[in-house]
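Peer 1: Once you've had a glance at the structure underneath, I'll fire off some questions.
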Amino acid sequence: MQILKVTDEAFRQYGKVIKDLDVSDIITAMSETPCPDDVVYEPSIESLEACKSAQSVSDSLYGGMPIQIGYCNGHNHLLNAVEYHRDSEINIAVTDLILILGKEQDITEDHTYDSSKMEAFLIPAGTTIEVYATTLHYAPCNVAASGFKCVVVLPKGTNTDITLEEKHTPEDDLLFARNKWLLSHPDANIAGSVAGIKGENLSVK
């Protein structure tokens, strides 16, 4: 699929590039995190949250709300699923990486989504972006054979385990973790998810 630049006008509907916020200490701290052959996501890492710039991220990007800083690292070239939250997600590209993005508004009432509506964007190493709450996203895809590393910032508690005693709305079927609604592609075989993505399991190579 075509890879657009994060500076392209097309990205503005999905998020924005954050400028003038120094998070170099967080990027440096990411050197201690692994980059496995598959994909690993850790929602909260103490060494990242202890960085001086973590308070600036909380203050300037979340209005002082409690946040968690973790990472998503590894090797990946497939879409596999889409997720969204009730708030923006901050990503810091430690390496060059590609994000495949779409819109929550395009999910149908019967919980299906056409993957052909998605667009891919190259996020250069050192770039901080805000991914809007209504933007569908999932694990990054790597550019280099060595894999990708991406800092993930979200409100505290997001993506942690949740058990619903009772479902109240149809959207509850998509609730996969705290503050995480997810649709998967059938080819991904993600246990417990709604396999509602129709069309190609998009690939970036």
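Chains: A, B, ... in order of the structure tokens. Residues: from 1 per chain. Ligands: from 1, in order shown.
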Quick one: pick out all helix (DSSP H, G or I) residues within region 68-121 of chain A from a backbone DSSP run and write them as a list in words.

Peer 2: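 Those residues are Glu104, Gln105, Asp106, Ser115, Ser116 and Lys117 of chain A.
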
Peer 1: Compile the contact shell of region 46-58 of chain A as a VMD selection string: residues with an atom at most 12 Å away, counting only C-alpha atoms, same-chain residues fewer than 2 positions apart removed.

Peer 2: chain A and resid 18 to 33 42 to 44 60 to 71 89 to 92 128 to 130 151 to 156

Peer 1: Using only C-alpha atoms, what table do you get, as JSON lines, when you list each residue of region 22-67 of chain A with an atom no more than 9 Å from region 137-147 of chain A, its nearest pair of atoms, and their distance in Å rounded to one decimal, rows by chain then rising number?

Peer 2:
{"residue": "A:Cys35", "atom": "CA", "partner": "A:Gly147", "partner_atom": "CA", "distance": 6.8}
{"residue": "A:Pro36", "atom": "CA", "partner": "A:Gly147", "partner_atom": "CA", "distance": 8.1}
{"residue": "A:Asp37", "atom": "CA", "partner": "A:Gly147", "partner_atom": "CA", "distance": 7.9}
{"residue": "A:Val39", "atom": "CA", "partner": "A:Ala139", "partner_atom": "CA", "distance": 7.7}
{"residue": "A:Tyr41", "atom": "CA", "partner": "A:Ala139", "partner_atom": "CA", "distance": 8.6}

Peer 1: Write out as a list in words the residues lying within 7 Å of Phe148 (chain A), counting only C-alpha atoms and excluding same-chain residues fewer than 4 positions away.

Peer 2: Asn73, Gly74, His75, Thr95, Asp96, Leu97 and Asn142 of chain A

Peer 1: Write a file of the just-selected residues containing N, CA and C atoms, as a PDB file, in the first residue's frame.

Peer 2:
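Final output, saved to again.pdb:
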ATOM      1  N   ASN A  73       7.082  -2.576  20.929  1.00  0.00           N
ATOM      2  CA  ASN A  73       8.312  -2.852  20.188  1.00  0.00           C
ATOM      3  C   ASN A  73       8.203  -4.171  19.436  1.00  0.00           C
ATOM      4  N   GLY A  74       9.036  -4.328  18.412  1.00  0.00           N
ATOM      5  CA  GLY A  74       9.117  -5.629  17.768  1.00  0.00           C
ATOM      6  C   GLY A  74       9.241  -5.577  16.270  1.00  0.00           C
ATOM      7  N   HIS A  75       8.741  -6.644  15.650  1.00  0.00           N
ATOM      8  CA  HIS A  75       8.768  -6.788  14.194  1.00  0.00           C
ATOM      9  C   HIS A  75       7.349  -7.097  13.719  1.00  0.00           C
ATOM     10  N   THR A  95      12.319   4.616  16.627  1.00  0.00           N
ATOM     11  CA  THR A  95      12.867   4.275  15.314  1.00  0.00           C
ATOM     12  C   THR A  95      11.882   4.760  14.254  1.00  0.00           C
ATOM     13  N   ASP A  96      12.291   4.758  13.006  1.00  0.00           N
ATOM     14  CA  ASP A  96      11.321   4.941  11.930  1.00  0.00           C
ATOM     15  C   ASP A  96      10.273   3.839  12.056  1.00  0.00           C
ATOM     16  N   LEU A  97       9.012   4.189  11.845  1.00  0.00           N
ATOM     17  CA  LEU A  97       7.948   3.191  11.879  1.00  0.00           C
ATOM     18  C   LEU A  97       6.781   3.649  11.027  1.00  0.00           C
ATOM     19  N   ASN A 142       7.341  -2.159  11.067  1.00  0.00           N
ATOM     20  CA  ASN A 142       8.721  -1.703  11.003  1.00  0.00           C
ATOM     21  C   ASN A 142       9.118  -1.306   9.589  1.00  0.00           C
TER      22      ASN A 142
END

Peer 1: Could you check how far CA of Gly192 (chain A) sits from CA of Leu174 (chain A), in Å to one decimal?

Peer 2: 9.5 Å

Peer 1: Taking only C-alpha atoms into account, name the residue in A:Ile162, A:Ala195, A:Ala81, A:Met1 that is nearest to Ile98 (chain A).

Peer 2: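 When distances to Ile98 (chain A) are compared using only C-alpha atoms, the smallest one comes from A:Met1.
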
Peer 1: So which bits of region 37-165 of chain A end up strand (DSSP E or B) when you DSSP the backbone, as a count of residues only?

Peer 2: 53

Peer 1: What lies within 12 Å of Ala10 (chain A) using only C-alpha atoms, ignoring chain neighbours under 5 positions off, as a count of residues only?

Peer 2: 11

Peer 1: Just want the 10 Å neighbourhood of Glu200 (chain A), counted on only C-alpha atoms, with same-chain residues fewer than 6 positions away dropped. Output as a compact mmCIF listing (two decimals) with N, CA and C atoms, in the first residue's frame.

Peer 2:
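Done, and the output landed in selection26.txt:
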# COMPACT_ATOMS: atom_id res chain seq x y z
N LEU A 78 1.89 -6.45 9.39
CA LEU A 78 0.48 -6.66 9.11
C LEU A 78 -0.41 -5.75 9.97
N LEU A 79 -1.61 -5.47 9.46
CA LEU A 79 -2.61 -4.70 10.22
C LEU A 79 -3.10 -5.51 11.42
N ASN A 80 -3.66 -6.67 11.17
CA ASN A 80 -4.16 -7.63 12.16
C ASN A 80 -5.39 -7.19 12.95
N ASP A 114 -14.26 -2.00 6.86
CA ASP A 114 -13.59 -2.28 5.59
C ASP A 114 -12.16 -1.76 5.64
N SER A 115 -11.20 -2.65 5.58
CA SER A 115 -9.80 -2.25 5.71
C SER A 115 -9.31 -1.39 4.55
N SER A 116 -10.03 -1.37 3.44
CA SER A 116 -9.61 -0.56 2.29
C SER A 116 -9.72 0.94 2.58
N HIS A 185 -8.91 -8.79 12.47
CA HIS A 185 -9.06 -9.44 11.16
C HIS A 185 -9.13 -10.94 11.40
N PRO A 186 -10.00 -11.66 10.69
CA PRO A 186 -10.11 -13.10 10.91
C PRO A 186 -8.78 -13.84 10.80
N ASP A 187 -7.89 -13.36 9.93
CA ASP A 187 -6.60 -14.04 9.74
C ASP A 187 -5.70 -13.93 10.97

Peer 1: Give me the residues near region 107-111 of chain A as a PyMOL selection string, where near means some atom within 10 Å (using only C-alpha atoms) and where sequence neighbours in that chain fewer than 5 positions away do not count.

Peer 2: chain A and resi 102+136+170-171+173-174+182-183+194-197
